[in-house]
There are 2 protein chains.
Amino acid sequence: MVASPDAAPPGAPSNTPPESPAQSPAADLFADEVYRDAIVDLLGAVGYGEISAFERLSADSRMAPTLEDKVALQGMASAQWAKIDPIVTRLGELGVEPYAAMEPFREAIDAFHAHTAPADWWESLVKAYVGDGLVNDFYREIAGYLDAETKGLVLSTLEDSGRVEFAVERIRAGIEADHVIAGRLALWGRRLMGEAVTQAQRVVASREAVSEVLADGRIDGLDLSTIAGMFERITRHHVERMGRLGLAH
Amino acid sequence: MVASPDAAPPGAPSNTPPESPAQSPAADLFADEVYRDAIVDLLGAVGYGEISAFERLSADSRMAPTLEDKVALQGMASAQWAKIDPIVTRLGELGVEPYAAMEPFREAIDAFHAHTAPADWWESLVKAYVGDGLVNDFYREIAGYLDAETKGLVLSTLEDSGRVEFAVERIRAGIEADHVIAGRLALWGRRLMGEAVTQAQRVVASREAVSEVLADGRIDGLDLSTIAGMFERITRHHVERMGRLGLAH
């Protein structure tokens with residue numbers, strides 16, 4: 001439990017992302033090699049995340065009970081794919097080989113998916129909905145701390161998240177028709193969240209530039225305690241999402 | 001064998017599709033229930049073909065040797081997905097349940113893919129290139145015989161076929177690096193074409209409205225001998241495509 005944003009005492013984590021979390025850092029932040037490396041890491045992770053999300057969603061679409069559901073999940077996969085190109089372009093502008101910048105994140109992201117392979121259509125849908133939500137929350141949280149160009153790029157990936165609404169309807173209808181799946185899907189939601197946190201921590205700990213940026217306060221307002229606040233808000237939104245599905249967390 | 005529209009001697013196969021293969025039939029052709037049913041079948045087959053192409057291309061992208069190749073094949077899959085929605089819309093306008101209209105083609109199209117499951121990345125690439133070419137040739141051939149609206153819809157699906165050029169480059173480079181694969185891929189191209197023809201014949205024979213439209217001459221200029229001419233041109237283009245890859249047919 002955390003305090004709400006208005007009433008919160010100093011030092012307490014806030015309930016919503018800060019309205020203006022920090023000054024957007026100036027473009028010359030890129031003169032700082034550590035900042036640049038951390039942004040390359042961020043975009044590399046996001047890029048491989050999209051490639052991998054396409055792969056999982058397209059594979060999961062094979063479990064769809066109807067052609068319409070299959071096409072809907074294929075559409076979520078295609079929407080992920082459309083986000084890859086701008087990230088590849090931006091990584092190129094930052095002077096790195098885009099796909100090489102993604103490689104360091106392959107193991108952790110593949111591990112996330114390997115440890116959360118859906119057993120059936122319901123688990124696929126919950127994963128699509130919960131995964132999309134977690135990723136979008138993270139993007140919204142981090143965007144305010146980035147230079148304007150990286151921020152624009154990260155926020156542009158949020159645009160078509162309305163696509164997941166079909167998943168909410170389907171899951172609610174599925175639970176309505178068969179209450180037995182609710183308990184299993186509630187557990188599944190917890191497992192998805194737990195595995196996401198595990199892999200995210202593993203990635204942050206293993207990337208020197210990311211750790212340095214957080215430890216050294218190179219970006220105004222972004223440090224380990226800010227991260228703790230982010231994590232609490234993301235968790236809270238996850239619980240709210242599970243609630244929308246009619247599932248307890 | 002059919003006569004070409006302008007100068008070819010009777011009986012000689014023509015090299016290109018006729019410039020103006022037929023008068024575009026009037027919209028009131030839809031008052032003819034058999035014509036309408038045949039168009040529903042055409043769009044149903046095209047629609048399920050796209051869904052299924054997405055499924056195969058996305059599955060095959062897992063065999064990609066590099067992330068860049070994987071993203072390219074994912075892009076071909078996404079391009080197929082983008083074509084589904086207009087077809088679903090049009091089928092709805094024609095008063096049928098769109099996904100139900102696709103069901104009759106599921107077995108033949110699934111059989112095509114089951115019988116041509118690529119054994120490796122090279123076979124995936126050749127299938128993506130050859131399959132895209134065959135489908136586009138068929139659309140171009142059939143378009144001129146359709147009412148304006150269906151014609152526009154079918155031709156709009158041709159737009160992004162330039163996407164396959166990456167496949168041509170990769171296959172040529174692959175053969176350059178290892179001549180041994182050329183013989184296997186040449187055989188593979190023949191098998192793809194043979195299986196496509198087998199399944200297409202099976203579909204036409206099983207669909208009453210399609211057979212009737214062809215047998216009764218309901219569309220000016222479209223009959224079984226026109227179809228034979230189309231088939232010859234499509235085969236010829238297939239051979240040319242295999243040649244572009246450096247493969248004999």
# chains A, B, ... in the order shown; residues from 1 in each chain; ligands from 1

$ calpha_fit_rmsd --fixed "chain B" --moving "chain A"
1.3 Å

$ residues_around --residues "B:Leu153" --least-positions-apart "3" --cutoff "10 Å" --atoms "only C-alpha atoms" --output "compact mmCIF listing (two decimals) with C-alpha atoms, in the first residue's frame"
# COMPACT_ATOMS: atom_id res chain seq x y z
CA LEU B 43 -12.94 -13.63 -51.15
CA LYS B 83 -5.02 -7.45 -46.12
CA PRO B 86 -10.83 -5.17 -46.11
CA ILE B 87 -11.80 -8.70 -47.15
CA ARG B 90 -16.43 -6.73 -48.05
CA TYR B 139 -4.90 -11.90 -58.43
CA ALA B 143 -9.00 -9.07 -61.37
CA ALA B 148 -15.17 -2.90 -60.06
CA GLU B 149 -15.38 -3.13 -56.29
CA THR B 150 -14.10 -6.69 -55.98
CA SER B 156 -5.12 -3.48 -53.46
CA THR B 157 -3.62 -6.64 -51.98
CA LEU B 158 -0.80 -6.46 -54.54

$ atom_distance --atom1 "atom CA of A:Val135" --atom2 "atom CA of A:Gly243"
18.0 Å

$ residues_around --residues "A:Ala196" --least-positions-apart "5" --cutoff "10 Å" --atoms "only C-alpha atoms" --output "list in words"
Ala108, Ile109, Ala111, Phe112, His113, His115, Thr116, Gly131, Leu134, Val135, Arg190, Arg191, Gln201 and Arg202 of chain A

$ atom_distance --atom1 "atom CA of A:Ala205" --atom2 "atom CA of B:Glu68"
27.0 Å

$ closest_atom_pairs --of "chain A" --to "chain B" --cutoff "8 Å" --atoms "only C-alpha atoms" --output "JSON lines"
{"residue": "A:Ile51", "atom": "CA", "partner": "B:Val71", "partner_atom": "CA", "distance": 6.9}
{"residue": "A:Phe54", "atom": "CA", "partner": "B:Gln74", "partner_atom": "CA", "distance": 7.7}
{"residue": "A:Glu55", "atom": "CA", "partner": "B:Ser58", "partner_atom": "CA", "distance": 7.0}
{"residue": "A:Ser58", "atom": "CA", "partner": "B:Ser58", "partner_atom": "CA", "distance": 6.4}
{"residue": "A:Ala59", "atom": "CA", "partner": "B:Ala59", "partner_atom": "CA", "distance": 6.9}
{"residue": "A:Arg62", "atom": "CA", "partner": "B:Glu55", "partner_atom": "CA", "distance": 7.6}
{"residue": "A:Leu67", "atom": "CA", "partner": "B:Tyr99", "partner_atom": "CA", "distance": 6.3}
{"residue": "A:Glu68", "atom": "CA", "partner": "B:Tyr99", "partner_atom": "CA", "distance": 6.8}
{"residue": "A:Val71", "atom": "CA", "partner": "B:Ile51", "partner_atom": "CA", "distance": 6.9}
{"residue": "A:Gln74", "atom": "CA", "partner": "B:Trp81", "partner_atom": "CA", "distance": 7.0}
{"residue": "A:Gly75", "atom": "CA", "partner": "B:Trp81", "partner_atom": "CA", "distance": 6.8}
{"residue": "A:Ala77", "atom": "CA", "partner": "B:Ser78", "partner_atom": "CA", "distance": 7.8}
{"residue": "A:Ser78", "atom": "CA", "partner": "B:Ser78", "partner_atom": "CA", "distance": 4.9}
{"residue": "A:Trp81", "atom": "CA", "partner": "B:Gly75", "partner_atom": "CA", "distance": 6.9}
{"residue": "A:Tyr99", "atom": "CA", "partner": "B:Leu67", "partner_atom": "CA", "distance": 6.3}

$ write_last_selection --atoms "N, CA and C atoms" --output "mmCIF file, in the first residue's frame"
data_model
loop_
_atom_site.group_PDB
_atom_site.id
_atom_site.type_symbol
_atom_site.label_atom_id
_atom_site.label_comp_id
_atom_site.auth_asym_id
_atom_site.auth_seq_id
_atom_site.Cartn_x
_atom_site.Cartn_y
_atom_site.Cartn_z
ATOM 1 N N ILE A 51 10.242 -7.828 -31.154
ATOM 2 C CA ILE A 51 10.464 -8.984 -32.038
ATOM 3 C C ILE A 51 9.939 -10.247 -31.360
ATOM 4 N N PHE A 54 6.143 -10.340 -31.047
ATOM 5 C CA PHE A 54 5.549 -10.800 -32.305
ATOM 6 C C PHE A 54 5.587 -12.322 -32.354
ATOM 7 N N GLU A 55 6.755 -12.860 -32.019
ATOM 8 C CA GLU A 55 6.949 -14.305 -32.110
ATOM 9 C C GLU A 55 5.978 -15.058 -31.199
ATOM 10 N N SER A 58 2.171 -14.487 -32.295
ATOM 11 C CA SER A 58 1.824 -15.212 -33.519
ATOM 12 C C SER A 58 1.755 -16.711 -33.231
ATOM 13 N N ALA A 59 2.659 -17.207 -32.407
ATOM 14 C CA ALA A 59 2.605 -18.633 -32.057
ATOM 15 C C ALA A 59 1.331 -18.927 -31.257
ATOM 16 N N ARG A 62 -2.197 -19.567 -32.841
ATOM 17 C CA ARG A 62 -2.559 -20.896 -33.336
ATOM 18 C C ARG A 62 -3.525 -21.612 -32.394
ATOM 19 N N LEU A 67 -11.568 -18.356 -35.992
ATOM 20 C CA LEU A 67 -10.754 -17.585 -36.933
ATOM 21 C C LEU A 67 -10.711 -16.116 -36.530
ATOM 22 N N GLU A 68 -11.827 -15.600 -36.036
ATOM 23 C CA GLU A 68 -11.870 -14.195 -35.642
ATOM 24 C C GLU A 68 -10.882 -13.913 -34.504
ATOM 25 N N VAL A 71 -7.337 -13.978 -35.897
ATOM 26 C CA VAL A 71 -6.994 -12.742 -36.609
ATOM 27 C C VAL A 71 -6.732 -11.607 -35.617
ATOM 28 N N GLN A 74 -3.279 -12.183 -34.232
ATOM 29 C CA GLN A 74 -2.327 -11.884 -35.307
ATOM 30 C C GLN A 74 -2.168 -10.359 -35.436
ATOM 31 N N GLY A 75 -3.277 -9.642 -35.244
ATOM 32 C CA GLY A 75 -3.233 -8.180 -35.315
ATOM 33 C C GLY A 75 -2.395 -7.587 -34.197
ATOM 34 N N ALA A 77 0.115 -9.086 -32.844
ATOM 35 C CA ALA A 77 1.497 -9.393 -33.247
ATOM 36 C C ALA A 77 1.979 -8.378 -34.290
ATOM 37 N N SER A 78 1.147 -8.113 -35.289
ATOM 38 C CA SER A 78 1.535 -7.175 -36.352
ATOM 39 C C SER A 78 1.781 -5.777 -35.783
ATOM 40 N N TRP A 81 5.170 -5.650 -34.475
ATOM 41 C CA TRP A 81 6.148 -5.592 -35.559
ATOM 42 C C TRP A 81 6.322 -4.156 -36.067
ATOM 43 N N TYR A 99 20.720 -4.489 -34.546
ATOM 44 C CA TYR A 99 20.412 -5.843 -34.079
ATOM 45 C C TYR A 99 21.452 -6.329 -33.073
#

$ select_by_dssp --residues "stretch 155-204 of chain B" --states "alpha helix (DSSP H)" --output "MDAnalysis selection string"
chainID B and resid 155:156 165:177 180:204

$ write_last_selection --atoms "N, CA and C atoms" --output "CSV table (one decimal), in the first residue's frame"
chain,number,residue,atom,x,y,z
B,155,LEU,N,-6.9,-6.1,-56.3
B,155,LEU,CA,-5.7,-5.4,-56.7
B,155,LEU,C,-5.0,-4.7,-55.6
B,156,SER,N,-5.7,-4.2,-54.6
B,156,SER,CA,-5.1,-3.5,-53.5
B,156,SER,C,-4.2,-4.4,-52.7
B,165,GLU,N,11.7,-8.8,-52.1
B,165,GLU,CA,13.0,-8.6,-52.8
B,165,GLU,C,14.1,-9.1,-51.9
B,166,PHE,N,13.9,-8.9,-50.6
B,166,PHE,CA,15.0,-9.3,-49.6
B,166,PHE,C,15.2,-10.8,-49.8
B,167,ALA,N,14.1,-11.6,-50.0
B,167,ALA,CA,14.2,-13.0,-50.2
B,167,ALA,C,15.1,-13.4,-51.4
B,168,VAL,N,14.9,-12.7,-52.5
B,168,VAL,CA,15.7,-12.9,-53.7
B,168,VAL,C,17.1,-12.7,-53.4
B,169,GLU,N,17.5,-11.6,-52.8
B,169,GLU,CA,18.9,-11.4,-52.5
B,169,GLU,C,19.5,-12.4,-51.6
B,170,ARG,N,18.7,-12.8,-50.5
B,170,ARG,CA,19.2,-13.8,-49.6
B,170,ARG,C,19.4,-15.1,-50.2
B,171,ILE,N,18.5,-15.5,-51.1
B,171,ILE,CA,18.6,-16.9,-51.7
B,171,ILE,C,19.8,-16.9,-52.6
B,172,ARG,N,19.9,-15.9,-53.4
B,172,ARG,CA,21.0,-15.8,-54.4
B,172,ARG,C,22.3,-15.9,-53.7
B,173,ALA,N,22.4,-15.1,-52.6
B,173,ALA,CA,23.7,-15.1,-51.8
B,173,ALA,C,23.9,-16.5,-51.2
B,174,GLY,N,22.8,-17.1,-50.7
B,174,GLY,CA,23.0,-18.5,-50.1
B,174,GLY,C,23.5,-19.5,-51.1
B,175,ILE,N,23.0,-19.4,-52.4
B,175,ILE,CA,23.4,-20.3,-53.4
B,175,ILE,C,24.8,-20.1,-53.8
B,176,GLU,N,25.1,-18.8,-53.9
B,176,GLU,CA,26.5,-18.4,-54.2
B,176,GLU,C,27.5,-19.0,-53.2
B,177,ALA,N,27.1,-19.0,-51.9
B,177,ALA,CA,28.0,-19.5,-50.8
B,177,ALA,C,28.0,-21.0,-50.8
B,180,VAL,N,25.5,-26.5,-53.4
B,180,VAL,CA,24.8,-27.7,-53.1
B,180,VAL,C,23.3,-27.5,-52.9
B,181,ILE,N,22.9,-26.4,-52.3
B,181,ILE,CA,21.5,-26.2,-52.0
B,181,ILE,C,20.7,-25.9,-53.2
B,182,ALA,N,21.3,-25.5,-54.3
B,182,ALA,CA,20.6,-25.1,-55.5
B,182,ALA,C,19.7,-26.3,-56.1
B,183,GLY,N,20.3,-27.5,-56.1
B,183,GLY,CA,19.5,-28.6,-56.7
B,183,GLY,C,18.3,-28.9,-55.8
B,184,ARG,N,18.5,-28.9,-54.5
B,184,ARG,CA,17.4,-29.1,-53.6
B,184,ARG,C,16.3,-28.0,-53.7
B,185,LEU,N,16.7,-26.8,-53.8
B,185,LEU,CA,15.7,-25.7,-53.9
B,185,LEU,C,15.0,-25.7,-55.2
B,186,ALA,N,15.7,-26.1,-56.3
B,186,ALA,CA,15.0,-26.2,-57.6
B,186,ALA,C,13.8,-27.3,-57.5
B,187,LEU,N,14.1,-28.4,-56.9
B,187,LEU,CA,13.1,-29.4,-56.6
B,187,LEU,C,12.0,-28.9,-55.7
B,188,TRP,N,12.4,-28.1,-54.7
B,188,TRP,CA,11.4,-27.6,-53.8
B,188,TRP,C,10.4,-26.6,-54.5
B,189,GLY,N,11.0,-25.8,-55.4
B,189,GLY,CA,10.1,-24.9,-56.2
B,189,GLY,C,9.1,-25.7,-57.0
B,190,ARG,N,9.5,-26.8,-57.6
B,190,ARG,CA,8.6,-27.6,-58.4
B,190,ARG,C,7.5,-28.2,-57.5
B,191,ARG,N,7.9,-28.6,-56.3
B,191,ARG,CA,7.0,-29.2,-55.4
B,191,ARG,C,5.9,-28.2,-55.0
B,192,LEU,N,6.4,-27.0,-54.7
B,192,LEU,CA,5.4,-25.9,-54.3
B,192,LEU,C,4.4,-25.6,-55.4
B,193,MET,N,4.9,-25.5,-56.6
B,193,MET,CA,4.0,-25.3,-57.7
B,193,MET,C,3.0,-26.4,-57.9
B,194,GLY,N,3.5,-27.7,-57.8
B,194,GLY,CA,2.6,-28.8,-58.0
B,194,GLY,C,1.6,-28.9,-56.9
B,195,GLU,N,2.0,-28.6,-55.7
B,195,GLU,CA,1.0,-28.7,-54.6
B,195,GLU,C,0.0,-27.6,-54.7
B,196,ALA,N,0.4,-26.4,-55.1
B,196,ALA,CA,-0.6,-25.3,-55.3
B,196,ALA,C,-1.6,-25.7,-56.4
B,197,VAL,N,-1.2,-26.2,-57.5
B,197,VAL,CA,-2.1,-26.6,-58.5
B,197,VAL,C,-3.1,-27.7,-58.0
B,198,THR,N,-2.5,-28.7,-57.3
B,198,THR,CA,-3.4,-29.8,-56.8
B,198,THR,C,-4.5,-29.2,-55.9
B,199,GLN,N,-4.1,-28.3,-55.0
B,199,GLN,CA,-5.1,-27.8,-54.1
B,199,GLN,C,-6.1,-26.9,-54.7
B,200,ALA,N,-5.6,-26.1,-55.7
B,200,ALA,CA,-6.5,-25.2,-56.4
B,200,ALA,C,-7.5,-25.9,-57.2
B,201,GLN,N,-7.1,-27.0,-57.9
B,201,GLN,CA,-8.1,-27.8,-58.6
B,201,GLN,C,-9.1,-28.4,-57.7
B,202,ARG,N,-8.6,-28.9,-56.6
B,202,ARG,CA,-9.5,-29.5,-55.6
B,202,ARG,C,-10.6,-28.5,-55.1
B,203,VAL,N,-10.1,-27.3,-54.9
B,203,VAL,CA,-11.1,-26.2,-54.4
B,203,VAL,C,-12.1,-25.9,-55.5
B,204,VAL,N,-11.6,-25.7,-56.7
B,204,VAL,CA,-12.6,-25.3,-57.8
B,204,VAL,C,-13.6,-26.4,-58.0

$ atom_distance --atom1 "atom CA of B:Gly49" --atom2 "atom CA of B:His237"
20.3 Å

$ closest_residue --among "A:Ala53, A:Val213, A:Leu42, A:Met63" --to "A:Trp122" --atoms "only C-alpha atoms"
A:Met63

$ residues_around --residues "B:Val40" --least-positions-apart "3" --cutoff "9 Å" --atoms "only C-alpha atoms" --output "list in words"
Tyr35, Arg36, Asp37, Leu43, Gly44, Ala45, Leu91, Leu94, Val96, Pro98, Ala101 and Met102 of chain B
